[in-house]
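In what follows, a single structure is set out as structure tokens and then discussed.
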Amino acid sequence: MSESNERDERHRQRMQRKKAVVDEKIALAREERGLLLVLTGNGKGKSSSAFGMAARALGHDMQIGIVQFIKGAASTGEEHFFRRFPEQVRYHVMGAGFTWETQDRQDDIVKAQAAWAVAVELMRDESVALVVLDELNIALKYGYVQLDQVLADIAARPSHQHVVVTGRGAPLGLIEAADTVTEMGVIKHAFKAGIKAQKGVEF
């Protein structure tokens, strides 16, 4: 047997063993219920991932609710896209802009609490299968909404409903309550090289 054929055979055997392990894990994963997913960290991609899940859900004809905390001063590509599906997507932009732009804590609190009221309404609706709470972690970090209330309201949602929370600095209590947590890390970012935010990539 040639060296190439031996390598191919070793690969086949490794993949065969790997398939057995993966198949066993899949067979043991029998529970089906709504998930709480938290996307955090300093890297790019938290909101992008959440909106990717929303697009995926849309592809399955699911009803979606989106609430954007903090953001709101500028329109985004995802907002333009999801507003094309008003019968399936309820899209709420509830912020006034990033905190360093607004510089008004009391107004930010009022807007964040109004956004949370909308989020609770969506999470009480049995027909909504996926709720995206974009930048909620920032509102939690600054104390605009209270973690205990957020956790209680999320826990009270319909059992089949998925909730995705994004934003830097996810609090420990939310991380502990979540089913899936992903932390986006920064290796390299164009902005640090003086390249401004690009349409279709950052907004």
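Here, A, B, ... name the chains of the structure tokens in the order displayed, residue numbers run from 1 inside each chain, and ligands are numbered from 1 in the same displayed order.
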Inset, instruction - Write out as a list of chain:residue names each polymer residue whose atoms come within 12 Å of Gly59 (chain A), counting only C-alpha atoms; drop sequence neighbours fewer than 6 positions from it. - result: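 With the cut-off at 12 Å, the set is A:Gly52, A:Met53, A:Phe82, A:Phe85, A:Gln88, A:Val89.
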Determine, using only C-alpha atoms, which residues of region 160-189 of chain A have any atom at most 10 Å from an atom of region 48-51 of chain A, and tabulate each with its shortest atom pair and distance in Å to one decimal place, rows ordered by chain and then rising number, as JSON lines.
```
{"residue": "A:Val163", "atom": "CA", "partner": "A:Ala50", "partner_atom": "CA", "distance": 9.6}
{"residue": "A:Val164", "atom": "CA", "partner": "A:Ala50", "partner_atom": "CA", "distance": 6.5}
{"residue": "A:Val165", "atom": "CA", "partner": "A:Ala50", "partner_atom": "CA", "distance": 7.9}
{"residue": "A:Thr166", "atom": "CA", "partner": "A:Ala50", "partner_atom": "CA", "distance": 7.4}
```
Next, dump the selected residues to file, keeping only all heavy atoms, as a PDB file, in the first residue's frame.
```pdb
ATOM      1  N   VAL A 163     -34.704  32.439  23.117  1.00  0.00           N
ATOM      2  CA  VAL A 163     -34.331  33.834  23.367  1.00  0.00           C
ATOM      3  C   VAL A 163     -32.836  33.974  23.157  1.00  0.00           C
ATOM      4  O   VAL A 163     -32.047  33.182  23.677  1.00  0.00           O
ATOM      5  CB  VAL A 163     -34.712  34.276  24.795  1.00  0.00           C
ATOM      6  CG1 VAL A 163     -34.188  35.680  25.085  1.00  0.00           C
ATOM      7  CG2 VAL A 163     -36.231  34.233  24.988  1.00  0.00           C
ATOM      8  N   VAL A 164     -32.445  34.992  22.390  1.00  0.00           N
ATOM      9  CA  VAL A 164     -31.035  35.276  22.129  1.00  0.00           C
ATOM     10  C   VAL A 164     -30.712  36.655  22.685  1.00  0.00           C
ATOM     11  O   VAL A 164     -31.380  37.633  22.338  1.00  0.00           O
ATOM     12  CB  VAL A 164     -30.711  35.241  20.620  1.00  0.00           C
ATOM     13  CG1 VAL A 164     -29.206  35.392  20.393  1.00  0.00           C
ATOM     14  CG2 VAL A 164     -31.228  33.957  19.977  1.00  0.00           C
ATOM     15  N   VAL A 165     -29.704  36.721  23.539  1.00  0.00           N
ATOM     16  CA  VAL A 165     -29.279  37.979  24.154  1.00  0.00           C
ATOM     17  C   VAL A 165     -27.879  38.314  23.672  1.00  0.00           C
ATOM     18  O   VAL A 165     -26.990  37.459  23.714  1.00  0.00           O
ATOM     19  CB  VAL A 165     -29.284  37.879  25.695  1.00  0.00           C
ATOM     20  CG1 VAL A 165     -28.789  39.179  26.320  1.00  0.00           C
ATOM     21  CG2 VAL A 165     -30.686  37.531  26.209  1.00  0.00           C
ATOM     22  N   THR A 166     -27.677  39.556  23.228  1.00  0.00           N
ATOM     23  CA  THR A 166     -26.354  39.958  22.754  1.00  0.00           C
ATOM     24  C   THR A 166     -25.806  41.120  23.577  1.00  0.00           C
ATOM     25  O   THR A 166     -26.533  41.774  24.324  1.00  0.00           O
ATOM     26  CB  THR A 166     -26.372  40.370  21.270  1.00  0.00           C
ATOM     27  OG1 THR A 166     -26.920  41.692  21.143  1.00  0.00           O
ATOM     28  CG2 THR A 166     -27.171  39.400  20.421  1.00  0.00           C
TER      29      THR A 166
END
```
Legend entry - strand (DSSP E or B) per DSSP on the backbone: members of region 15-197 of chain A, as a VMD selection string: chain A and resid 36 to 40 63 to 68 89 to 93 128 to 134 162 to 166 180 to 183
Could you save the residues just selected, with N, CA and C atoms, as a short mmCIF file (atom, residue, chain, number, x, y, z; two decimals), in the first residue's frame?
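Output file out37.cif is given in full below:
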```cif
data_model
loop_
_atom_site.label_atom_id
_atom_site.label_comp_id
_atom_site.auth_asym_id
_atom_site.auth_seq_id
_atom_site.Cartn_x
_atom_site.Cartn_y
_atom_site.Cartn_z
N LEU A 36 -32.10 29.48 25.81
CA LEU A 36 -31.60 30.82 26.09
C LEU A 36 -30.14 30.84 25.64
N LEU A 37 -29.85 31.69 24.66
CA LEU A 37 -28.51 31.80 24.11
C LEU A 37 -27.95 33.18 24.41
N VAL A 38 -26.72 33.24 24.85
CA VAL A 38 -26.06 34.51 25.16
C VAL A 38 -24.82 34.64 24.28
N LEU A 39 -24.74 35.76 23.58
CA LEU A 39 -23.61 36.06 22.70
C LEU A 39 -22.92 37.30 23.26
N THR A 40 -21.70 37.13 23.73
CA THR A 40 -21.02 38.21 24.42
C THR A 40 -19.57 38.28 23.99
N GLN A 63 -42.32 32.67 13.69
CA GLN A 63 -42.59 34.05 14.09
C GLN A 63 -41.42 34.55 14.95
N ILE A 64 -40.98 35.76 14.68
CA ILE A 64 -39.78 36.31 15.32
C ILE A 64 -40.08 37.67 15.93
N GLY A 65 -39.51 37.91 17.11
CA GLY A 65 -39.56 39.23 17.72
C GLY A 65 -38.14 39.74 17.94
N ILE A 66 -37.91 40.98 17.58
CA ILE A 66 -36.58 41.59 17.74
C ILE A 66 -36.73 42.90 18.49
N VAL A 67 -35.95 43.05 19.56
CA VAL A 67 -35.91 44.31 20.30
C VAL A 67 -34.46 44.75 20.38
N GLN A 68 -34.19 45.95 19.89
CA GLN A 68 -32.83 46.49 19.94
C GLN A 68 -32.73 47.52 21.06
N VAL A 89 -42.07 39.03 11.28
CA VAL A 89 -41.06 39.65 12.14
C VAL A 89 -41.60 40.94 12.75
N ARG A 90 -41.54 41.00 14.08
CA ARG A 90 -41.87 42.24 14.79
C ARG A 90 -40.55 42.87 15.21
N TYR A 91 -40.22 43.97 14.59
CA TYR A 91 -38.90 44.59 14.75
C TYR A 91 -39.04 45.91 15.51
N HIS A 92 -38.40 46.01 16.66
CA HIS A 92 -38.51 47.20 17.50
C HIS A 92 -37.13 47.78 17.79
N VAL A 93 -36.88 48.98 17.29
CA VAL A 93 -35.65 49.70 17.59
C VAL A 93 -35.97 50.68 18.71
N VAL A 128 -44.75 33.50 19.10
CA VAL A 128 -43.39 33.94 18.78
C VAL A 128 -42.41 32.83 19.17
N ALA A 129 -41.68 32.35 18.19
CA ALA A 129 -40.77 31.21 18.42
C ALA A 129 -39.36 31.65 18.79
N LEU A 130 -38.96 32.84 18.35
CA LEU A 130 -37.60 33.32 18.60
C LEU A 130 -37.65 34.81 18.94
N VAL A 131 -37.01 35.17 20.05
CA VAL A 131 -36.92 36.58 20.46
C VAL A 131 -35.44 36.96 20.53
N VAL A 132 -35.06 38.00 19.81
CA VAL A 132 -33.70 38.53 19.84
C VAL A 132 -33.69 39.80 20.68
N LEU A 133 -32.87 39.82 21.72
CA LEU A 133 -32.74 40.98 22.60
C LEU A 133 -31.34 41.55 22.39
N ASP A 134 -31.24 42.39 21.37
CA ASP A 134 -29.94 42.89 20.91
C ASP A 134 -29.42 43.99 21.84
N HIS A 162 -37.35 30.36 21.95
CA HIS A 162 -35.91 30.62 22.04
C HIS A 162 -35.68 32.12 22.27
N VAL A 163 -34.70 32.44 23.12
CA VAL A 163 -34.33 33.83 23.37
C VAL A 163 -32.84 33.97 23.16
N VAL A 164 -32.45 34.99 22.39
CA VAL A 164 -31.04 35.28 22.13
C VAL A 164 -30.71 36.66 22.69
N VAL A 165 -29.70 36.72 23.54
CA VAL A 165 -29.28 37.98 24.15
C VAL A 165 -27.88 38.31 23.67
N THR A 166 -27.68 39.56 23.23
CA THR A 166 -26.35 39.96 22.75
C THR A 166 -25.81 41.12 23.58
N THR A 180 -26.72 28.09 26.12
CA THR A 180 -25.56 28.22 25.24
C THR A 180 -24.98 29.61 25.40
N VAL A 181 -23.67 29.69 25.62
CA VAL A 181 -22.98 30.98 25.74
C VAL A 181 -21.78 30.96 24.81
N THR A 182 -21.68 32.00 23.98
CA THR A 182 -20.54 32.14 23.09
C THR A 182 -19.89 33.49 23.36
N GLU A 183 -18.57 33.46 23.53
CA GLU A 183 -17.82 34.69 23.74
C GLU A 183 -17.00 34.98 22.49
#
```
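CA of Glu135 (chain A) is positioned 17.7 Å from CA of Gln106 (chain A).
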Legend entry - Long-range neighbours of Asp148 (chain A) as a ChimeraX atom specification, 12 Å cut-off, only C-alpha atoms, 4 positions minimum in chain: /A:140,143,152-155,171-174,177
Inset, instruction - Please provide as a list in words all residues within 6 Å of region 107-122 of chain A, with the sequence filter that same-chain residues fewer than 3 positions apart are discarded (counting only C-alpha atoms). - result: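 Everything that qualifies: Met94, Gly95, Asp104, Asp125 and Tyr144 of chain A.
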Keeping N, CA, C and O atoms for every residue in the selection just given, could you write it to a file as an mmCIF file, in the first residue's frame?
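New file out_17.cif:
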```
data_model
loop_
_atom_site.group_PDB
_atom_site.id
_atom_site.type_symbol
_atom_site.label_atom_id
_atom_site.label_comp_id
_atom_site.auth_asym_id
_atom_site.auth_seq_id
_atom_site.Cartn_x
_atom_site.Cartn_y
_atom_site.Cartn_z
ATOM 1 N N MET A 94 -35.418 50.442 19.899
ATOM 2 C CA MET A 94 -35.901 51.137 21.094
ATOM 3 C C MET A 94 -34.875 52.075 21.733
ATOM 4 O O MET A 94 -35.193 52.763 22.697
ATOM 5 N N GLY A 95 -33.652 52.093 21.242
ATOM 6 C CA GLY A 95 -32.625 52.938 21.846
ATOM 7 C C GLY A 95 -32.497 54.274 21.141
ATOM 8 O O GLY A 95 -33.162 54.546 20.136
ATOM 9 N N ASP A 104 -26.877 60.662 28.276
ATOM 10 C CA ASP A 104 -28.044 61.020 29.093
ATOM 11 C C ASP A 104 -28.565 59.745 29.755
ATOM 12 O O ASP A 104 -29.392 59.035 29.201
ATOM 13 N N ASP A 125 -46.004 35.925 24.220
ATOM 14 C CA ASP A 125 -46.789 35.554 23.044
ATOM 15 C C ASP A 125 -46.415 34.138 22.607
ATOM 16 O O ASP A 125 -45.296 33.900 22.162
ATOM 17 N N TYR A 144 -29.680 49.827 33.609
ATOM 18 C CA TYR A 144 -30.889 50.419 33.041
ATOM 19 C C TYR A 144 -32.094 49.509 33.262
ATOM 20 O O TYR A 144 -33.222 49.974 33.387
#
```
Inset, instruction - Would you kindly return, as a ChimeraX atom specification, each protein, DNA or RNA residue with an atom no farther than 10 Å from any atom of Arg33 (chain A), considering only C-alpha atoms and excluding same-chain residues fewer than 4 positions away? - result: /A:158-162
Any chance you can output those residues with all heavy atoms as a tab-separated table (two decimals), in the first residue's frame?
```tsv
chain	number	residue	atom	x	y	z
A	158	PRO	N	-42.89	31.04	27.18
A	158	PRO	CA	-43.38	29.73	26.74
A	158	PRO	C	-42.23	28.74	26.59
A	158	PRO	O	-41.12	29.12	26.18
A	158	PRO	CB	-44.04	30.03	25.39
A	158	PRO	CG	-44.40	31.47	25.46
A	158	PRO	CD	-43.33	32.13	26.27
A	159	SER	N	-42.48	27.50	26.89
A	159	SER	CA	-41.40	26.50	26.96
A	159	SER	C	-40.73	26.24	25.62
A	159	SER	O	-39.58	25.79	25.59
A	159	SER	CB	-41.96	25.18	27.51
A	159	SER	OG	-42.97	24.68	26.65
A	160	HIS	N	-41.41	26.53	24.51
A	160	HIS	CA	-40.83	26.27	23.19
A	160	HIS	C	-40.05	27.45	22.64
A	160	HIS	O	-39.36	27.33	21.62
A	160	HIS	CB	-41.94	25.94	22.19
A	160	HIS	CG	-42.84	27.12	21.92
A	160	HIS	ND1	-43.88	27.45	22.74
A	160	HIS	CD2	-42.82	28.06	20.94
A	160	HIS	CE1	-44.48	28.53	22.28
A	160	HIS	NE2	-43.86	28.92	21.19
A	161	GLN	N	-40.11	28.59	23.30
A	161	GLN	CA	-39.57	29.83	22.75
A	161	GLN	C	-38.06	29.98	22.99
A	161	GLN	O	-37.57	29.79	24.10
A	161	GLN	CB	-40.30	31.03	23.36
A	161	GLN	CG	-40.00	32.36	22.71
A	161	GLN	CD	-40.74	33.47	23.43
A	161	GLN	OE1	-40.31	33.93	24.49
A	161	GLN	NE2	-41.88	33.88	22.87
A	162	HIS	N	-37.35	30.36	21.95
A	162	HIS	CA	-35.91	30.62	22.04
A	162	HIS	C	-35.68	32.12	22.27
A	162	HIS	O	-36.36	32.95	21.67
A	162	HIS	CB	-35.19	30.20	20.76
A	162	HIS	CG	-35.44	28.79	20.35
A	162	HIS	ND1	-35.09	27.71	21.13
A	162	HIS	CD2	-36.04	28.27	19.24
A	162	HIS	CE1	-35.43	26.59	20.52
A	162	HIS	NE2	-36.01	26.91	19.37
```
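Picture a line from CA of Glu176 (chain A) to CA of Val150 (chain A); it runs 13.3 Å.
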Inset, instruction - Rounded to one decimal place, report the CA of Glu78 (chain A)-CA of Gly185 (chain A) distance in Å. - result: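 Separation between CA of Glu78 (chain A) and CA of Gly185 (chain A): 22.3 Å.
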